[in-house]
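Student: One structure, as structure tokens, below. Some questions next.
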Protein chains: 2
Amino acid sequence: MPGSDLYTGTLDLLILKAVSWGPSHGYAIARWIRETTSDVLVVQEGALYPALHRLERKGLLSEEWRESETGRQAKYYTLTPRGRTQLRVERKRWEEHSRAVARALASA
Amino acid sequence: MPGSDLYTGTLDLLILKAVSWGPSHGYAIARWIRETTSDVLVVQEGALYPALHRLERKGLLSEEWRESETGRQAKYYTLTPRGRTQLRVERKRWEEHSRAVARALASA
DNA sequence: CCCCATATGTGGCGATGCCACATATTGGTG
DNA sequence: CACCAATATGTGGCATCGCCACATATGGGG
């Protein structure tokens with residue numbers, strides 16, 4: 001059951017949301033996205049890790065090596081204050097945008 | 001009041017929808033998208049015309065020069081049967097996708 | 001012992017939409 | 001007349017993004 005491709009631009013929003021209640025690592029973030037969307041949204045590694053690095057470079061996430069629940073080393077990402085602001089911005093943009101598309105699709 | 005950028009991949013859906021009730025030309029399609037979304041979605045020429053050509057090459061739209069409402073020559077695009085099928089497919093994909101994002105954003 | 005799940009990463013690639021610009025015509029206004 | 005706005009289509013260059021395919025490493029269970 002492969003979900004279709006992501007609409008380009010939504011990945012950052014999903015990642016920021018994924019870490020909004022506490023630090024998490026890449027693999028867990030990808031799993032969370034896949035599970036909360038019932039496999040509709042599936043993030044590929046080749047998209048996930050570059051996106052995390054990008055968000056870190058932008059100062060929206062901070063990274064730190066920790067031990068995961070399974071006892072392994074994993075790179076944990078934490079939402080920075082700027083990241084939290086960005087989450088609000090992107091969320092608003094998504095909601096405005098999706099409402100607009102819905103309106104267009106609903107028009108006679 | 002510039003609307004923010006489109007999420008990549010939504011343009012085809014909007015165009016197909018725009019011509020779903022009858023032939024229209026590029027300029028009118030762009031205006032319709034802008035107007036029905038209250039300037040939230042604004043399609044640039046550099047995105048619009050290549051997209052129309054693309055859809056025509058794919059056999060989803062057919063083109064024909066006609067006289068527009070203002071008495072000028074304009075290239076009218078008509079939805080082909082395959083285009084209509086594609087509209088249903090893309091619409092379904094959009095709805096499934098946006099519901100999935102909404103679920104992710106709503107999660108605790 | 002081997003495979004699977006966990007965990008991170010890269011290189012190459014195609015597609016898409018943006019920006020900036022070019023062109024042509026028509027109609028209205030100063 | 002001169003000019004500008006709206007109508008109408010188009011291109012080239014560009015950056016970004018996500019996909020595919022692959023590589024690497026480790027820990028646990030059968």
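Identifiers in this document derive from the order of the structure tokens: chains are assigned A, B, ..., residues are numbered from 1 separately in each chain, and ligands are numbered from 1 in order of occurrence.
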Got a sec: who's within 9 Å of region 3-11 of chain D, counting only C-alpha atoms (C1' of nucleotides), leaving out chain neighbours fewer than 6 positions off, as an MDAnalysis selection string?

Tutor: (chainID B and resid 25:27 45:46 49:50 70 72:75) or (chainID C and resid 21:30)

Student: Write to file, as a compact mmCIF listing (two decimals), in the first residue's frame, the residues of the selection just made, with N, CA and C atoms (P, O5', C5', C4', C3', O3' and C1' of nucleotides).

Tutor:
# COMPACT_ATOMS: atom_id res chain seq x y z
N HIS B 25 -9.25 29.64 -22.09
CA HIS B 25 -7.87 29.94 -22.50
C HIS B 25 -7.03 30.32 -21.30
N GLY B 26 -5.71 30.27 -21.48
CA GLY B 26 -4.75 30.44 -20.40
C GLY B 26 -5.01 31.64 -19.50
N TYR B 27 -5.14 32.76 -20.12
CA TYR B 27 -5.31 33.99 -19.34
C TYR B 27 -6.56 33.92 -18.46
N GLU B 45 2.83 33.32 -15.09
CA GLU B 45 2.86 32.94 -16.51
C GLU B 45 3.89 31.84 -16.76
N GLY B 46 5.02 31.97 -16.09
CA GLY B 46 6.10 31.01 -16.29
C GLY B 46 5.76 29.62 -15.79
N TYR B 49 1.77 28.64 -18.69
CA TYR B 49 1.85 28.25 -20.09
C TYR B 49 2.60 26.94 -20.30
N PRO B 50 3.74 26.76 -19.65
CA PRO B 50 4.38 25.45 -19.76
C PRO B 50 3.46 24.31 -19.26
N THR B 70 -13.47 39.06 -25.66
CA THR B 70 -13.07 40.43 -25.95
C THR B 70 -12.77 40.63 -27.44
N ARG B 72 -10.51 38.93 -29.27
CA ARG B 72 -9.14 38.62 -29.66
C ARG B 72 -8.94 37.14 -29.89
N GLN B 73 -7.82 36.82 -30.52
CA GLN B 73 -7.46 35.42 -30.69
C GLN B 73 -6.89 34.89 -29.39
N ALA B 74 -7.33 33.72 -29.02
CA ALA B 74 -6.83 33.08 -27.80
C ALA B 74 -6.86 31.57 -28.00
N LYS B 75 -5.95 30.89 -27.33
CA LYS B 75 -5.87 29.44 -27.48
C LYS B 75 -6.76 28.78 -26.44
P DC C 21 14.07 42.14 -15.64
O5' DC C 21 13.58 41.81 -17.11
C5' DC C 21 14.31 40.82 -17.85
C4' DC C 21 13.49 40.26 -18.96
C3' DC C 21 12.87 41.31 -19.89
O3' DC C 21 13.71 41.44 -21.03
C1' DC C 21 11.48 39.38 -19.54
P DA C 22 13.43 42.59 -22.11
O5' DA C 22 12.54 41.81 -23.19
C5' DA C 22 12.98 40.56 -23.71
C4' DA C 22 11.93 40.03 -24.66
C3' DA C 22 11.27 41.13 -25.51
O3' DA C 22 11.42 40.82 -26.88
C1' DA C 22 9.62 39.74 -24.47
P DT C 23 11.04 42.00 -27.95
O5' DT C 23 9.56 41.58 -28.38
C5' DT C 23 9.27 40.23 -28.74
C4' DT C 23 7.78 40.04 -28.88
C3' DT C 23 7.07 41.22 -29.56
O3' DT C 23 6.69 40.83 -30.87
C1' DT C 23 5.85 40.38 -27.67
P DA C 24 6.15 41.95 -31.93
O5' DA C 24 4.58 41.92 -31.71
C5' DA C 24 3.86 40.71 -31.91
C4' DA C 24 2.41 40.92 -31.51
C3' DA C 24 1.85 42.26 -32.01
O3' DA C 24 0.76 42.01 -32.87
C1' DA C 24 1.33 41.89 -29.70
P DT C 25 0.01 43.27 -33.61
O5' DT C 25 -1.34 43.38 -32.78
C5' DT C 25 -2.06 42.18 -32.44
C4' DT C 25 -3.20 42.53 -31.50
C3' DT C 25 -3.97 43.80 -31.91
O3' DT C 25 -5.35 43.50 -31.88
C1' DT C 25 -3.30 43.93 -29.64
P DT C 26 -6.40 44.40 -32.75
O5' DT C 26 -7.33 44.98 -31.60
C5' DT C 26 -7.77 44.13 -30.53
C4' DT C 26 -8.13 44.98 -29.33
C3' DT C 26 -8.87 46.28 -29.67
O3' DT C 26 -10.17 46.21 -29.11
C1' DT C 26 -7.16 46.64 -28.04
P DG C 27 -11.26 47.37 -29.45
O5' DG C 27 -11.25 48.21 -28.09
C5' DG C 27 -11.19 47.53 -26.83
C4' DG C 27 -11.02 48.53 -25.71
C3' DG C 27 -11.77 49.85 -25.94
O3' DG C 27 -12.43 50.24 -24.74
C1' DG C 27 -9.46 50.29 -25.61
P DG C 28 -13.46 51.49 -24.78
O5' DG C 28 -12.75 52.45 -23.72
C5' DG C 28 -12.23 51.90 -22.49
C4' DG C 28 -11.26 52.88 -21.87
C3' DG C 28 -11.75 54.34 -21.83
O3' DG C 28 -11.51 54.87 -20.53
C1' DG C 28 -9.63 54.23 -22.84
P DT C 29 -12.32 56.22 -20.12
O5' DT C 29 -11.15 57.07 -19.45
C5' DT C 29 -9.89 56.47 -19.18
C4' DT C 29 -8.79 57.51 -19.20
C3' DT C 29 -9.29 58.97 -19.16
O3' DT C 29 -8.47 59.72 -18.29
C1' DT C 29 -7.92 58.67 -21.03
P DG C 30 -8.89 61.22 -17.86
O5' DG C 30 -7.56 62.06 -18.18
C5' DG C 30 -6.27 61.55 -17.80
C4' DG C 30 -5.20 62.26 -18.59
C3' DG C 30 -5.32 63.79 -18.61
O3' DG C 30 -4.06 64.39 -18.44
C1' DG C 30 -5.34 62.95 -20.84

Student: Tell me, counting only C-alpha atoms (C1' of nucleotides), for each residue of chain C within 8 Å of chain A, which pair of atoms is nearest and how far apart they are in Å to one decimal, in rows ordered by chain and increasing number, as CSV.

Tutor:
residue,atom,partner,partner_atom,distance
C:DT6,C1',A:Tyr27,CA,7.9
C:DA7,C1',A:Tyr27,CA,6.3
C:DT8,C1',A:Tyr49,CA,7.7
C:DG9,C1',A:Tyr49,CA,7.4

Student: Keeping only C-alpha atoms (C1' of nucleotides), take the residues you just selected and write them out as a PDB file, in the first residue's frame.

Tutor:
ATOM      1  C1'  DT C   6      16.565   0.191  13.631  1.00  0.00           C
ATOM      2  C1'  DA C   7      19.212   4.255  12.243  1.00  0.00           C
ATOM      3  C1'  DT C   8      21.673   7.609   9.169  1.00  0.00           C
ATOM      4  C1'  DG C   9      23.452   9.034   5.088  1.00  0.00           C
TER       5       DG C   9
END

Student: Could you list, with a cut-off of 12 Å and counting only C-alpha atoms (C1' of nucleotides), the residues of chain D near chain A, each shown with its nearest atom pair and the distance in Å rounded to one decimal, rows sorted by chain and ascending number, as JSON lines?

Tutor:
{"residue": "D:DT16", "atom": "C1'", "partner": "A:Thr8", "partner_atom": "CA", "distance": 9.2}
{"residue": "D:DC17", "atom": "C1'", "partner": "A:Thr8", "partner_atom": "CA", "distance": 6.1}
{"residue": "D:DG18", "atom": "C1'", "partner": "A:Ala47", "partner_atom": "CA", "distance": 5.5}
{"residue": "D:DC19", "atom": "C1'", "partner": "A:Gly46", "partner_atom": "CA", "distance": 7.2}
{"residue": "D:DC20", "atom": "C1'", "partner": "A:Gly46", "partner_atom": "CA", "distance": 8.2}
{"residue": "D:DA21", "atom": "C1'", "partner": "A:Gly46", "partner_atom": "CA", "distance": 9.6}
{"residue": "D:DC22", "atom": "C1'", "partner": "A:Gly46", "partner_atom": "CA", "distance": 10.4}
{"residue": "D:DA25", "atom": "C1'", "partner": "A:Gln73", "partner_atom": "CA", "distance": 11.0}
{"residue": "D:DT26", "atom": "C1'", "partner": "A:Arg72", "partner_atom": "CA", "distance": 8.1}
{"residue": "D:DG27", "atom": "C1'", "partner": "A:Arg72", "partner_atom": "CA", "distance": 8.3}
{"residue": "D:DG28", "atom": "C1'", "partner": "A:Thr70", "partner_atom": "CA", "distance": 10.4}

Student: Enumerate as an NGL selection string the residues belonging to chain B that approach chain A to within 9 Å, with only C-alpha atoms taken into account.

Tutor: :B and (3-4 or 6-10 or 13-14 or 17-18 or 21 or 33 or 36-38 or 40-41 or 91 or 93-105 or 107-108)

Student: With C-alpha atoms retained, export the selected residues as a PDB file, in the first residue's frame.

Tutor:
ATOM      1  CA  GLY B   3      -0.697  34.739  -2.187  1.00  0.00           C
ATOM      2  CA  SER B   4       2.151  32.487  -1.133  1.00  0.00           C
ATOM      3  CA  LEU B   6       1.693  26.955  -4.787  1.00  0.00           C
ATOM      4  CA  TYR B   7       2.496  23.553  -3.398  1.00  0.00           C
ATOM      5  CA  THR B   8       4.214  21.839  -6.278  1.00  0.00           C
ATOM      6  CA  GLY B   9       1.859  19.420  -7.954  1.00  0.00           C
ATOM      7  CA  THR B  10      -1.406  21.249  -7.364  1.00  0.00           C
ATOM      8  CA  LEU B  13      -5.389  19.829 -10.700  1.00  0.00           C
ATOM      9  CA  LEU B  14      -6.425  23.473 -10.680  1.00  0.00           C
ATOM     10  CA  LYS B  17     -10.753  21.796 -12.798  1.00  0.00           C
ATOM     11  CA  ALA B  18     -10.804  25.203 -14.470  1.00  0.00           C
ATOM     12  CA  TRP B  21     -17.188  22.798 -17.404  1.00  0.00           C
ATOM     13  CA  ILE B  33      -7.869  30.532 -10.148  1.00  0.00           C
ATOM     14  CA  THR B  36     -12.068  31.871  -6.906  1.00  0.00           C
ATOM     15  CA  THR B  37      -9.360  31.697  -4.275  1.00  0.00           C
ATOM     16  CA  SER B  38      -9.427  35.402  -3.397  1.00  0.00           C
ATOM     17  CA  VAL B  40      -4.594  33.029  -2.273  1.00  0.00           C
ATOM     18  CA  LEU B  41      -3.512  31.029  -5.323  1.00  0.00           C
ATOM     19  CA  ARG B  91      -8.817  15.251  -7.138  1.00  0.00           C
ATOM     20  CA  ARG B  93      -5.239  12.214  -4.531  1.00  0.00           C
ATOM     21  CA  TRP B  94      -5.555  15.771  -3.301  1.00  0.00           C
ATOM     22  CA  GLU B  95      -8.437  14.963  -0.984  1.00  0.00           C
ATOM     23  CA  GLU B  96      -6.745  11.921   0.468  1.00  0.00           C
ATOM     24  CA  HIS B  97      -3.518  13.836   0.876  1.00  0.00           C
ATOM     25  CA  SER B  98      -5.039  16.899   2.484  1.00  0.00           C
ATOM     26  CA  ARG B  99      -7.086  14.774   4.873  1.00  0.00           C
ATOM     27  CA  ALA B 100      -3.866  12.998   5.867  1.00  0.00           C
ATOM     28  CA  VAL B 101      -2.059  16.278   6.543  1.00  0.00           C
ATOM     29  CA  ALA B 102      -5.066  17.528   8.501  1.00  0.00           C
ATOM     30  CA  ARG B 103      -4.935  14.392  10.633  1.00  0.00           C
ATOM     31  CA  ALA B 104      -1.233  14.864  11.286  1.00  0.00           C
ATOM     32  CA  LEU B 105      -1.749  18.497  12.243  1.00  0.00           C
ATOM     33  CA  SER B 107      -2.749  14.916  16.415  1.00  0.00           C
ATOM     34  CA  ALA B 108      -1.874  15.609  20.009  1.00  0.00           C
TER      35      ALA B 108
END

Student: Just the strand (DSSP E or B) stuff from chain A, please, per backbone DSSP, written as a ChimeraX atom specification.

Tutor: /A:8,24-25,61-67,73-79

Student: With all Cα atoms paired residue by residue, do a least-squares superposition of chain B on chain A and hand back the transformed coordinates as a compact mmCIF listing (two decimals) with N, CA and C atoms, in the first residue's frame.

Tutor:
# COMPACT_ATOMS: atom_id res chain seq x y z
N MET B 1 0.74 -1.18 -0.06
CA MET B 1 -0.07 0.03 -0.04
C MET B 1 0.80 1.27 -0.02
N PRO B 2 1.36 1.61 -1.16
CA PRO B 2 2.23 2.77 -1.22
C PRO B 2 1.39 4.04 -1.34
N GLY B 3 1.60 4.97 -0.43
CA GLY B 3 0.94 6.26 -0.55
C GLY B 3 1.53 6.97 -1.74
N SER B 4 0.77 7.84 -2.37
CA SER B 4 1.31 8.58 -3.51
C SER B 4 2.29 9.63 -3.01
N ASP B 5 2.94 10.27 -3.94
CA ASP B 5 3.98 11.24 -3.60
C ASP B 5 3.46 12.40 -2.75
N LEU B 6 4.37 12.98 -2.01
CA LEU B 6 4.07 14.18 -1.25
C LEU B 6 3.94 15.36 -2.20
N TYR B 7 3.10 16.31 -1.84
CA TYR B 7 3.11 17.57 -2.57
C TYR B 7 4.32 18.34 -2.07
N THR B 8 5.16 18.74 -3.02
CA THR B 8 6.39 19.41 -2.65
C THR B 8 6.12 20.64 -1.77
N GLY B 9 6.77 20.67 -0.64
CA GLY B 9 6.63 21.80 0.26
C GLY B 9 5.95 21.43 1.57
N THR B 10 5.33 20.25 1.60
CA THR B 10 4.60 19.85 2.80
C THR B 10 5.50 19.11 3.80
N LEU B 11 6.65 18.67 3.35
CA LEU B 11 7.50 17.86 4.21
C LEU B 11 8.00 18.63 5.45
N ASP B 12 8.44 19.83 5.24
CA ASP B 12 8.93 20.64 6.37
C ASP B 12 7.86 20.80 7.43
N LEU B 13 6.66 21.08 6.99
CA LEU B 13 5.54 21.22 7.93
C LEU B 13 5.35 19.96 8.74
N LEU B 14 5.37 18.82 8.08
CA LEU B 14 5.16 17.54 8.76
C LEU B 14 6.27 17.26 9.77
N ILE B 15 7.50 17.56 9.38
CA ILE B 15 8.63 17.34 10.28
C ILE B 15 8.54 18.26 11.49
N LEU B 16 8.27 19.52 11.25
CA LEU B 16 8.17 20.48 12.36
C LEU B 16 7.07 20.06 13.33
N LYS B 17 5.96 19.60 12.76
CA LYS B 17 4.86 19.13 13.60
C LYS B 17 5.27 17.90 14.41
N ALA B 18 6.02 17.03 13.76
CA ALA B 18 6.43 15.77 14.40
C ALA B 18 7.27 16.00 15.65
N VAL B 19 8.05 17.06 15.67
CA VAL B 19 8.90 17.33 16.83
C VAL B 19 8.32 18.42 17.72
N SER B 20 7.07 18.76 17.49
CA SER B 20 6.47 19.90 18.20
C SER B 20 6.18 19.62 19.67
N TRP B 21 6.08 18.35 20.04
CA TRP B 21 5.81 18.04 21.44
C TRP B 21 7.03 17.46 22.16
N GLY B 22 8.16 17.44 21.45
CA GLY B 22 9.38 16.95 22.09
C GLY B 22 10.37 16.41 21.09
N PRO B 23 11.64 16.28 21.47
CA PRO B 23 12.70 15.84 20.58
C PRO B 23 12.42 14.45 20.00
N SER B 24 12.84 14.26 18.79
CA SER B 24 12.69 12.95 18.14
C SER B 24 13.80 12.79 17.11
N HIS B 25 14.01 11.58 16.66
CA HIS B 25 15.05 11.34 15.65
C HIS B 25 14.42 10.96 14.32
N GLY B 26 15.21 11.05 13.25
CA GLY B 26 14.74 10.89 11.89
C GLY B 26 13.87 9.66 11.66
N TYR B 27 14.39 8.55 12.06
CA TYR B 27 13.68 7.30 11.81
C TYR B 27 12.30 7.30 12.48
N ALA B 28 12.25 7.84 13.68
CA ALA B 28 10.98 7.90 14.42
C ALA B 28 10.02 8.91 13.80
N ILE B 29 10.57 9.99 13.30
CA ILE B 29 9.75 11.01 12.64
C ILE B 29 9.08 10.42 11.41
N ALA B 30 9.87 9.70 10.61
CA ALA B 30 9.34 9.08 9.40
C ALA B 30 8.24 8.07 9.74
N ARG B 31 8.49 7.30 10.79
CA ARG B 31 7.51 6.31 11.21
C ARG B 31 6.22 6.98 11.68
N TRP B 32 6.39 8.05 12.44
CA TRP B 32 5.22 8.77 12.94
C TRP B 32 4.36 9.31 11.80
N ILE B 33 5.00 9.88 10.80
CA ILE B 33 4.27 10.43 9.65
C ILE B 33 3.52 9.32 8.93
N ARG B 34 4.21 8.21 8.73
CA ARG B 34 3.58 7.08 8.04
C ARG B 34 2.40 6.54 8.83
N GLU B 35 2.60 6.42 10.14
CA GLU B 35 1.56 5.81 10.96
C GLU B 35 0.35 6.72 11.20
N THR B 36 0.60 7.98 11.48
CA THR B 36 -0.54 8.87 11.73
C THR B 36 -1.37 9.14 10.48
N THR B 37 -0.78 8.85 9.32
CA THR B 37 -1.54 9.07 8.09
C THR B 37 -1.94 7.74 7.44
N SER B 38 -1.82 6.66 8.19
CA SER B 38 -2.20 5.34 7.66
C SER B 38 -1.55 5.04 6.32
N ASP B 39 -0.25 5.31 6.24
CA ASP B 39 0.51 5.04 5.02
C ASP B 39 0.15 5.91 3.83
N VAL B 40 -0.64 6.94 4.04
CA VAL B 40 -0.94 7.84 2.93
C VAL B 40 0.30 8.68 2.62
N LEU B 41 0.95 9.18 3.66
CA LEU B 41 2.18 9.95 3.50
C LEU B 41 3.36 9.11 3.95
N VAL B 42 4.23 8.82 3.01
CA VAL B 42 5.41 8.02 3.31
C VAL B 42 6.65 8.81 2.90
N VAL B 43 7.49 9.09 3.88
CA VAL B 43 8.67 9.91 3.61
C VAL B 43 9.87 9.03 3.31
N GLN B 44 10.48 9.25 2.16
CA GLN B 44 11.65 8.50 1.73
C GLN B 44 12.89 8.99 2.46
N GLU B 45 13.87 8.12 2.64
CA GLU B 45 15.12 8.54 3.31
C GLU B 45 15.79 9.68 2.55
N GLY B 46 15.76 9.58 1.23
CA GLY B 46 16.41 10.57 0.40
C GLY B 46 15.76 11.94 0.47
N ALA B 47 14.58 11.99 1.06
CA ALA B 47 13.92 13.28 1.29
C ALA B 47 14.05 13.67 2.75
N LEU B 48 13.92 12.69 3.63
CA LEU B 48 13.91 12.95 5.06
C LEU B 48 15.21 13.55 5.59
N TYR B 49 16.33 12.86 5.38
CA TYR B 49 17.57 13.29 6.00
C TYR B 49 18.07 14.63 5.47
N PRO B 50 18.04 14.82 4.16
CA PRO B 50 18.40 16.16 3.68
C PRO B 50 17.48 17.25 4.26
N ALA B 51 16.20 16.93 4.43
CA ALA B 51 15.26 17.93 4.98
C ALA B 51 15.62 18.26 6.42
N LEU B 52 15.99 17.26 7.19
CA LEU B 52 16.39 17.50 8.58
C LEU B 52 17.63 18.37 8.64
N HIS B 53 18.60 18.07 7.79
CA HIS B 53 19.83 18.86 7.76
C HIS B 53 19.54 20.30 7.36
N ARG B 54 18.65 20.43 6.41
CA ARG B 54 18.23 21.75 5.92
C ARG B 54 17.61 22.57 7.06
N LEU B 55 16.69 21.94 7.76
CA LEU B 55 15.99 22.63 8.85
C LEU B 55 16.95 22.99 9.97
N GLU B 56 17.94 22.14 10.17
CA GLU B 56 18.93 22.43 11.20
C GLU B 56 19.79 23.63 10.76
N ARG B 57 20.21 23.62 9.50
CA ARG B 57 21.01 24.73 8.98
C ARG B 57 20.25 26.05 9.07
N LYS B 58 18.95 25.98 8.91
CA LYS B 58 18.12 27.20 8.96
C LYS B 58 17.86 27.65 10.39
N GLY B 59 18.27 26.82 11.35
CA GLY B 59 18.08 27.19 12.74
C GLY B 59 16.68 26.91 13.26
N LEU B 60 15.97 26.05 12.58
CA LEU B 60 14.60 25.71 13.01
C LEU B 60 14.60 24.47 13.90
N LEU B 61 15.64 23.67 13.75
CA LEU B 61 15.82 22.49 14.59
C LEU B 61 17.24 22.51 15.15
N SER B 62 17.40 21.95 16.34
CA SER B 62 18.75 21.73 16.85
C SER B 62 18.94 20.23 17.00
N GLU B 63 20.17 19.75 16.83
CA GLU B 63 20.40 18.32 16.87
C GLU B 63 21.34 17.92 18.00
N GLU B 64 21.17 16.69 18.42
CA GLU B 64 21.94 16.19 19.56
C GLU B 64 21.91 14.66 19.53
N TRP B 65 23.08 14.04 19.67
CA TRP B 65 23.11 12.58 19.72
C TRP B 65 22.67 12.11 21.10
N ARG B 66 21.76 11.13 21.07
CA ARG B 66 21.29 10.54 22.32
C ARG B 66 21.08 9.06 22.11
N GLU B 67 20.70 8.42 23.18
CA GLU B 67 20.36 7.01 23.08
C GLU B 67 18.85 6.90 22.86
N SER B 68 18.47 6.12 21.87
CA SER B 68 17.04 5.97 21.57
C SER B 68 16.39 4.97 22.52
N GLU B 69 15.10 4.78 22.36
CA GLU B 69 14.34 3.85 23.21
C GLU B 69 14.87 2.42 23.07
N THR B 70 15.46 2.13 21.93
CA THR B 70 15.96 0.78 21.69
C THR B 70 17.41 0.62 22.15
N GLY B 71 17.99 1.68 22.73
CA GLY B 71 19.35 1.59 23.24
C GLY B 71 20.42 1.92 22.23
N ARG B 72 20.03 2.45 21.08
CA ARG B 72 21.03 2.81 20.08
C ARG B 72 21.27 4.30 20.04
N GLN B 73 22.35 4.68 19.37
CA GLN B 73 22.62 6.09 19.16
C GLN B 73 21.74 6.60 18.04
N ALA B 74 21.15 7.75 18.26
CA ALA B 74 20.31 8.37 17.25
C ALA B 74 20.41 9.88 17.40
N LYS B 75 20.23 10.58 16.29
CA LYS B 75 20.35 12.03 16.31
C LYS B 75 18.99 12.64 16.61
N TYR B 76 18.87 13.20 17.78
CA TYR B 76 17.58 13.77 18.19
C TYR B 76 17.48 15.23 17.77
N TYR B 77 16.33 15.56 17.22
CA TYR B 77 16.08 16.93 16.77
C TYR B 77 15.06 17.60 17.68
N THR B 78 15.38 18.84 18.05
CA THR B 78 14.51 19.62 18.92
C THR B 78 14.08 20.89 18.21
N LEU B 79 12.84 21.26 18.37
CA LEU B 79 12.31 22.47 17.77
C LEU B 79 12.87 23.70 18.50
N THR B 80 13.50 24.59 17.76
CA THR B 80 13.98 25.84 18.36
C THR B 80 12.82 26.84 18.41
N PRO B 81 12.97 27.92 19.15
CA PRO B 81 11.93 28.96 19.16
C PRO B 81 11.59 29.42 17.74
N ARG B 82 12.59 29.66 16.93
CA ARG B 82 12.33 30.06 15.54
C ARG B 82 11.60 28.96 14.79
N GLY B 83 11.92 27.72 15.11
CA GLY B 83 11.24 26.60 14.48
C GLY B 83 9.77 26.57 14.84
N ARG B 84 9.49 26.91 16.08
CA ARG B 84 8.09 26.92 16.53
C ARG B 84 7.30 28.01 15.81
N THR B 85 7.93 29.14 15.64
CA THR B 85 7.30 30.23 14.88
C THR B 85 7.05 29.78 13.45
N GLN B 86 8.07 29.15 12.87
CA GLN B 86 7.95 28.68 11.49
C GLN B 86 6.83 27.65 11.35
N LEU B 87 6.68 26.82 12.35
CA LEU B 87 5.60 25.83 12.33
C LEU B 87 4.24 26.53 12.24
N ARG B 88 4.08 27.58 13.04
CA ARG B 88 2.82 28.34 12.98
C ARG B 88 2.61 28.94 11.59
N VAL B 89 3.68 29.49 11.03
CA VAL B 89 3.59 30.11 9.71
C VAL B 89 3.21 29.09 8.65
N GLU B 90 3.91 27.96 8.66
CA GLU B 90 3.67 26.95 7.63
C GLU B 90 2.30 26.30 7.78
N ARG B 91 1.90 26.16 9.02
CA ARG B 91 0.59 25.59 9.27
C ARG B 91 -0.51 26.50 8.74
N LYS B 92 -0.34 27.78 8.99
CA LYS B 92 -1.31 28.75 8.50
C LYS B 92 -1.35 28.74 6.97
N ARG B 93 -0.17 28.71 6.39
CA ARG B 93 -0.08 28.67 4.93
C ARG B 93 -0.78 27.44 4.38
N TRP B 94 -0.53 26.31 5.01
CA TRP B 94 -1.17 25.08 4.55
C TRP B 94 -2.69 25.18 4.64
N GLU B 95 -3.17 25.68 5.77
CA GLU B 95 -4.62 25.73 5.97
C GLU B 95 -5.29 26.69 4.98
N GLU B 96 -4.66 27.82 4.79
CA GLU B 96 -5.19 28.79 3.83
C GLU B 96 -5.19 28.19 2.43
N HIS B 97 -4.08 27.55 2.11
CA HIS B 97 -3.91 26.97 0.78
C HIS B 97 -4.91 25.84 0.52
N SER B 98 -5.06 24.97 1.51
CA SER B 98 -5.93 23.82 1.28
C SER B 98 -7.40 24.25 1.25
N ARG B 99 -7.73 25.27 2.03
CA ARG B 99 -9.09 25.81 1.95
C ARG B 99 -9.34 26.38 0.56
N ALA B 100 -8.34 27.07 0.01
CA ALA B 100 -8.47 27.67 -1.32
C ALA B 100 -8.68 26.60 -2.39
N VAL B 101 -7.90 25.52 -2.31
CA VAL B 101 -8.07 24.43 -3.28
C VAL B 101 -9.45 23.80 -3.12
N ALA B 102 -9.86 23.62 -1.88
CA ALA B 102 -11.18 23.04 -1.62
C ALA B 102 -12.28 23.89 -2.24
N ARG B 103 -12.13 25.21 -2.12
CA ARG B 103 -13.10 26.12 -2.72
C ARG B 103 -13.13 25.96 -4.23
N ALA B 104 -11.95 25.90 -4.83
CA ALA B 104 -11.87 25.75 -6.28
C ALA B 104 -12.51 24.43 -6.73
N LEU B 105 -12.26 23.38 -5.98
CA LEU B 105 -12.81 22.08 -6.35
C LEU B 105 -14.32 22.03 -6.14
N ALA B 106 -14.81 22.84 -5.21
CA ALA B 106 -16.24 22.82 -4.89
C ALA B 106 -17.05 23.69 -5.85
N SER B 107 -16.37 24.57 -6.59
CA SER B 107 -17.08 25.52 -7.44
C SER B 107 -17.83 24.81 -8.56
N ALA B 108 -18.94 25.36 -8.90
CA ALA B 108 -19.78 24.76 -9.95
C ALA B 108 -19.06 24.82 -11.29

Student: So which residues of region 54-106 of chain A fall under helix (DSSP H, G or I) by DSSP, listed as an NGL selection string?

Tutor: :A and (54-57 or 81-106)

Student: Which residues are near DG29 (chain D)? Cut-off 12 Å, only C-alpha atoms (C1' of nucleotides), ignore same chain within fewer than 3 positions. Put them as a list in words.

Tutor: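 Those residues are DC1, DC2, DC3, DC4 and DA5 of chain C.
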
Student: Export N, CA and C atoms (P, O5', C5', C4', C3', O3' and C1' of nucleotides) of the chosen residues as a CSV table (one decimal), in the first residue's frame?

Tutor:
chain,number,residue,atom,x,y,z
C,1,DC,P,29.2,-18.0,12.4
C,1,DC,O5',27.7,-18.3,11.9
C,1,DC,C5',27.4,-19.3,11.0
C,1,DC,C4',26.1,-18.9,10.4
C,1,DC,C3',26.1,-17.6,9.7
C,1,DC,O3',25.4,-17.7,8.4
C,1,DC,C1',24.4,-17.5,11.3
C,2,DC,P,25.8,-16.8,7.2
C,2,DC,O5',24.4,-16.3,6.8
C,2,DC,C5',23.3,-17.2,7.0
C,2,DC,C4',22.0,-16.4,7.4
C,2,DC,C3',21.9,-15.1,6.6
C,2,DC,O3',20.6,-15.0,6.1
C,2,DC,C1',21.5,-14.8,8.9
C,3,DC,P,20.4,-14.1,4.7
C,3,DC,O5',19.0,-13.4,5.1
C,3,DC,C5',18.0,-14.2,5.8
C,3,DC,C4',17.3,-13.3,6.8
C,3,DC,C3',16.9,-11.9,6.3
C,3,DC,O3',15.5,-11.8,6.6
C,3,DC,C1',18.0,-11.8,8.4
C,4,DC,P,14.7,-10.8,5.7
C,4,DC,O5',13.9,-9.9,6.7
C,4,DC,C5',13.4,-10.5,7.9
C,4,DC,C4',13.5,-9.5,9.1
C,4,DC,C3',13.1,-8.1,8.6
C,4,DC,O3',12.0,-7.6,9.5
C,4,DC,C1',15.1,-8.0,9.9
C,5,DA,P,11.2,-6.3,9.1
C,5,DA,O5',11.6,-5.3,10.3
C,5,DA,C5',11.4,-5.7,11.7
C,5,DA,C4',12.2,-4.8,12.6
C,5,DA,C3',11.9,-3.3,12.4
C,5,DA,O3',11.7,-2.7,13.6
C,5,DA,C1',14.3,-3.8,12.2
